[in-house]
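Input: a single structure, listed below in structure tokens.
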Amino acid sequence: MSRNRKHFVNRILKLVIILLVAAALLMTILVTTNKPAYACRCSQFPSAQDALKGATAVFAGKVISVNAAGSATFSVSQIWKGEVLQQLVVTSPSGNSCSFNFQQGQDYLVYASGESGSLTTSLCDRTKQLSSAELELPLLGRGISLLIPTAPAYSIAVRNPSFELPSVGDSLFNIANITDWSVINTGNPGVFNPSAASFNFVPDGVQTLYSNGATVFQTLSTALAPKTLYTLGISVGRRQDFTDFPGFSVELRAGGTILASANQTHVRLPEAGKFERLTVYYVSPNSVEAGQLLEIRLKSVGAQTNFDLVTLDARPIP
């Protein structure tokens, strides 16, 4: 074999080897990275009416933040069902083919299930971007806008709403003596006239309710009405002379049933020495049992949470 021919054969062999190695490498990449993708498969996909019936809360809102676990915090603009706060957290667990990928700054129509504080949703619940829900919204009926009033609201009387009675001296407090409010367990609640060492200001008047773990409640003289949007407001304070803020719960009840509730996860953590305003909404159904008196319950998880300026408004739904 001539030298030129031998050189040509060697070049061909090297080229074949290179091609074989490249092919083997390509196959390895395909096998290791091209794992099968599983599309979301729903056992059933409800109609809008069935989704409304089966959901705990149905609302429209804008995502203001999303964390790594897939939980989105919404600024709620409109509600169709259930307990909805001005800010609401809904989780769509990551790693699930039916997870909903919420995007910050986008508006959504959300069908959520679960208890307050642990609401969840998925692609199988009809949750979608609000821009693609144009044909679905009329099927849900007339929602309640939290931005534009649809009917005049009226205030429901709350007795001693800012805990000014009984009066105590500057920097003093009492124990388990709160005019027009009752205590149902221990935890040293009472009225408190704080100094600047505890709070920079008090939202209304000069006194607050303090609780070191007790539940304090008031049964109102107003009964639950049908087709009504209720708005419960309360200022929650964090003492600056206490190291910890233990957390709390607030409930709106009627006839012994919890209608709406909220806790420390539903409001921004108050700065030391300040109060934050918490608002809780509840929409009553088209018919309710007559004579169920409304009730407000306030509870601290431990020492110490302060409460002030309790208000309850109602707005009939046309």
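By convention in this document, the chains of the structure tokens carry letters A, B, ... by their order, each chain's residues are numbered from 1, and ligands are numbered from 1 in the order they are shown.
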
For Ala60 in chain A, work out the shell of residues within 8 Å, counting only C-alpha atoms and skipping chain neighbours fewer than 4 positions away, then give it as a PDB file with N, CA and C atoms, in the first residue's frame.
ATOM      1  N   VAL A  76     -56.788  41.105  47.083  1.00  0.00           N
ATOM      2  CA  VAL A  76     -58.098  40.670  46.594  1.00  0.00           C
ATOM      3  C   VAL A  76     -58.912  41.865  46.117  1.00  0.00           C
ATOM      4  N   SER A  77     -59.518  41.732  44.949  1.00  0.00           N
ATOM      5  CA  SER A  77     -60.324  42.811  44.389  1.00  0.00           C
ATOM      6  C   SER A  77     -61.805  42.481  44.317  1.00  0.00           C
ATOM      7  N   GLN A  78     -62.147  41.203  44.200  1.00  0.00           N
ATOM      8  CA  GLN A  78     -63.556  40.816  44.058  1.00  0.00           C
ATOM      9  C   GLN A  78     -63.747  39.408  44.609  1.00  0.00           C
ATOM     10  N   ILE A  79     -64.885  39.197  45.243  1.00  0.00           N
ATOM     11  CA  ILE A  79     -65.163  37.891  45.821  1.00  0.00           C
ATOM     12  C   ILE A  79     -66.531  37.387  45.373  1.00  0.00           C
ATOM     13  N   ASP A 107     -53.064  39.182  37.361  1.00  0.00           N
ATOM     14  CA  ASP A 107     -54.388  39.034  37.971  1.00  0.00           C
ATOM     15  C   ASP A 107     -54.953  37.657  37.653  1.00  0.00           C
ATOM     16  N   TYR A 108     -55.604  37.039  38.648  1.00  0.00           N
ATOM     17  CA  TYR A 108     -56.123  35.680  38.493  1.00  0.00           C
ATOM     18  C   TYR A 108     -57.540  35.577  39.042  1.00  0.00           C
ATOM     19  N   LEU A 109     -58.267  34.617  38.497  1.00  0.00           N
ATOM     20  CA  LEU A 109     -59.517  34.148  39.079  1.00  0.00           C
ATOM     21  C   LEU A 109     -59.169  32.856  39.806  1.00  0.00           C
ATOM     22  N   VAL A 110     -59.398  32.808  41.113  1.00  0.00           N
ATOM     23  CA  VAL A 110     -58.918  31.697  41.935  1.00  0.00           C
ATOM     24  C   VAL A 110     -60.090  30.950  42.566  1.00  0.00           C
ATOM     25  N   LEU A 130     -57.021  36.061  34.974  1.00  0.00           N
ATOM     26  CA  LEU A 130     -58.295  36.778  34.867  1.00  0.00           C
ATOM     27  C   LEU A 130     -58.580  37.202  33.437  1.00  0.00           C
TER      28      LEU A 130
END

* Structure fact -> Shortest contact to Leu294 in chain A, candidates A:Glu276, A:Glu251, A:Asp308, A:Asp125, atoms counted only C-alpha atoms, goes to A:Glu251

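In terms of minimum interatomic distance to Ala272 in chain A, A:Ser198 ranks closest within A:Ser221, A:Gly205, A:Pro285, A:Ser198, counting only C-alpha atoms.
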
* Go through A:Leu165, A:Ile156, A:Val89, A:Ile64 and flag the residue nearest Trp181 in chain A, using only C-alpha atoms for the distances. => A:Leu165

* So which residues of range 147-273 of chain A fall under strand (DSSP E) by DSSP, listed as a ChimeraX atom specification? -> /A:154-155,182-183,190-192,208-211,215-223,228-238,248-254,257-263

Go ahead and dump the residues you just picked, N, CA and C atoms, as a CSV table (one decimal), in the first residue's frame.
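Ended up saving to selection_6.csv:
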chain,number,residue,atom,x,y,z
A,154,TYR,N,-73.5,50.0,56.3
A,154,TYR,CA,-74.0,50.6,57.6
A,154,TYR,C,-73.2,49.9,58.7
A,155,SER,N,-73.0,50.6,59.8
A,155,SER,CA,-72.2,50.1,60.9
A,155,SER,C,-73.1,49.4,61.9
A,182,SER,N,-66.8,39.6,77.5
A,182,SER,CA,-66.7,38.5,78.4
A,182,SER,C,-65.4,37.7,78.2
A,183,VAL,N,-65.0,36.9,79.2
A,183,VAL,CA,-63.8,36.1,79.1
A,183,VAL,C,-64.2,34.7,79.3
A,190,GLY,N,-57.4,42.1,80.1
A,190,GLY,CA,-58.0,43.3,80.8
A,190,GLY,C,-57.8,44.5,79.9
A,191,VAL,N,-58.2,45.7,80.5
A,191,VAL,CA,-57.9,47.0,79.8
A,191,VAL,C,-56.6,47.5,80.3
A,192,PHE,N,-55.9,48.3,79.4
A,192,PHE,CA,-54.6,48.7,79.7
A,192,PHE,C,-54.4,50.2,79.2
A,208,THR,N,-56.3,50.1,75.7
A,208,THR,CA,-56.4,49.0,74.8
A,208,THR,C,-56.9,47.8,75.5
A,209,LEU,N,-57.3,46.7,74.8
A,209,LEU,CA,-57.5,45.4,75.4
A,209,LEU,C,-56.1,44.7,75.3
A,210,TYR,N,-55.7,44.1,76.4
A,210,TYR,CA,-54.5,43.3,76.4
A,210,TYR,C,-54.9,41.8,76.7
A,211,SER,N,-54.2,40.9,76.2
A,211,SER,CA,-54.4,39.5,76.5
A,211,SER,C,-53.1,38.7,76.5
A,215,THR,N,-59.3,34.3,75.7
A,215,THR,CA,-60.3,34.6,74.7
A,215,THR,C,-61.3,35.6,75.2
A,216,VAL,N,-61.5,36.7,74.6
A,216,VAL,CA,-62.4,37.7,75.0
A,216,VAL,C,-63.5,37.8,73.9
A,217,PHE,N,-64.7,37.9,74.2
A,217,PHE,CA,-65.8,37.9,73.2
A,217,PHE,C,-66.9,38.8,73.6
A,218,GLN,N,-67.7,39.2,72.5
A,218,GLN,CA,-68.9,40.0,72.7
A,218,GLN,C,-69.9,39.5,71.8
A,219,THR,N,-71.1,39.2,72.3
A,219,THR,CA,-72.3,38.9,71.5
A,219,THR,C,-73.0,40.1,71.2
A,220,LEU,N,-73.2,40.4,69.9
A,220,LEU,CA,-73.9,41.7,69.5
A,220,LEU,C,-75.4,41.5,69.5
A,221,SER,N,-76.1,42.6,69.4
A,221,SER,CA,-77.5,42.6,69.4
A,221,SER,C,-78.1,42.5,68.0
A,222,THR,N,-77.2,42.4,67.0
A,222,THR,CA,-77.6,42.3,65.6
A,222,THR,C,-77.5,40.8,65.1
A,223,ALA,N,-78.5,40.3,64.4
A,223,ALA,CA,-78.5,39.0,63.9
A,223,ALA,C,-77.9,38.9,62.5
A,228,THR,N,-75.2,39.5,52.5
A,228,THR,CA,-74.6,40.7,53.1
A,228,THR,C,-73.1,40.5,53.2
A,229,LEU,N,-72.4,41.5,52.8
A,229,LEU,CA,-70.9,41.5,53.0
A,229,LEU,C,-70.6,42.2,54.3
A,230,TYR,N,-70.0,41.4,55.2
A,230,TYR,CA,-69.6,41.9,56.5
A,230,TYR,C,-68.1,42.2,56.5
A,231,THR,N,-67.7,43.3,57.1
A,231,THR,CA,-66.3,43.8,57.2
A,231,THR,C,-66.0,44.0,58.6
A,232,LEU,N,-65.2,43.1,59.2
A,232,LEU,CA,-64.7,43.2,60.6
A,232,LEU,C,-63.3,43.9,60.6
A,233,GLY,N,-63.2,44.9,61.3
A,233,GLY,CA,-61.9,45.6,61.4
A,233,GLY,C,-61.4,45.7,62.8
A,234,ILE,N,-60.1,45.5,63.0
A,234,ILE,CA,-59.5,45.6,64.4
A,234,ILE,C,-58.1,46.0,64.3
A,235,SER,N,-57.6,46.8,65.2
A,235,SER,CA,-56.2,47.2,65.3
A,235,SER,C,-55.5,46.3,66.2
A,236,VAL,N,-54.3,45.7,65.8
A,236,VAL,CA,-53.6,44.8,66.6
A,236,VAL,C,-52.2,45.4,66.9
A,237,GLY,N,-51.9,45.4,68.2
A,237,GLY,CA,-50.7,46.1,68.6
A,237,GLY,C,-49.6,45.1,69.2
A,238,ARG,N,-48.4,45.6,69.1
A,238,ARG,CA,-47.2,44.9,69.6
A,238,ARG,C,-46.4,45.8,70.6
A,248,PHE,N,-52.1,35.8,67.4
A,248,PHE,CA,-53.4,36.0,67.9
A,248,PHE,C,-54.4,35.3,66.9
A,249,SER,N,-55.7,35.4,67.3
A,249,SER,CA,-56.7,35.0,66.3
A,249,SER,C,-57.9,35.9,66.5
A,250,VAL,N,-58.6,36.2,65.5
A,250,VAL,CA,-59.9,37.0,65.5
A,250,VAL,C,-60.9,36.2,64.8
A,251,GLU,N,-62.1,36.2,65.3
A,251,GLU,CA,-63.2,35.4,64.7
A,251,GLU,C,-64.5,36.2,64.7
A,252,LEU,N,-65.2,36.1,63.6
A,252,LEU,CA,-66.6,36.6,63.5
A,252,LEU,C,-67.5,35.3,63.5
A,253,ARG,N,-68.4,35.3,64.4
A,253,ARG,CA,-69.3,34.1,64.5
A,253,ARG,C,-70.7,34.5,64.5
A,254,ALA,N,-71.6,33.5,64.3
A,254,ALA,CA,-73.0,33.7,64.4
A,254,ALA,C,-73.6,32.4,64.8
A,257,THR,N,-71.3,29.4,65.2
A,257,THR,CA,-70.5,28.9,64.0
A,257,THR,C,-69.5,30.0,63.6
A,258,ILE,N,-68.3,29.6,63.3
A,258,ILE,CA,-67.3,30.6,62.8
A,258,ILE,C,-67.6,30.9,61.4
A,259,LEU,N,-67.8,32.2,61.1
A,259,LEU,CA,-68.1,32.7,59.8
A,259,LEU,C,-66.8,33.1,59.1
A,260,ALA,N,-65.9,33.7,59.8
A,260,ALA,CA,-64.6,34.2,59.2
A,260,ALA,C,-63.6,34.3,60.3
A,261,SER,N,-62.4,34.1,60.0
A,261,SER,CA,-61.3,34.2,61.0
A,261,SER,C,-60.0,34.7,60.4
A,262,ALA,N,-59.1,35.1,61.2
A,262,ALA,CA,-57.8,35.6,60.8
A,262,ALA,C,-56.9,35.5,61.9
A,263,ASN,N,-55.6,35.5,61.6
A,263,ASN,CA,-54.5,35.4,62.6
A,263,ASN,C,-53.3,36.3,62.2

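Residues surrounding Phe45 in chain A within 10 Å are Ala51, Leu123, Cys124, Asp125 and Arg126 of chain A [only C-alpha atoms; sequence separation below 6 positions excluded].
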
* Asked: Could you pull out all residues of range 115-216 of chain A with a DSSP call of helix (DSSP H, G or I) and give them as a PyMOL selection string?
  -> chain A and resi 123-125+130-132+137-140
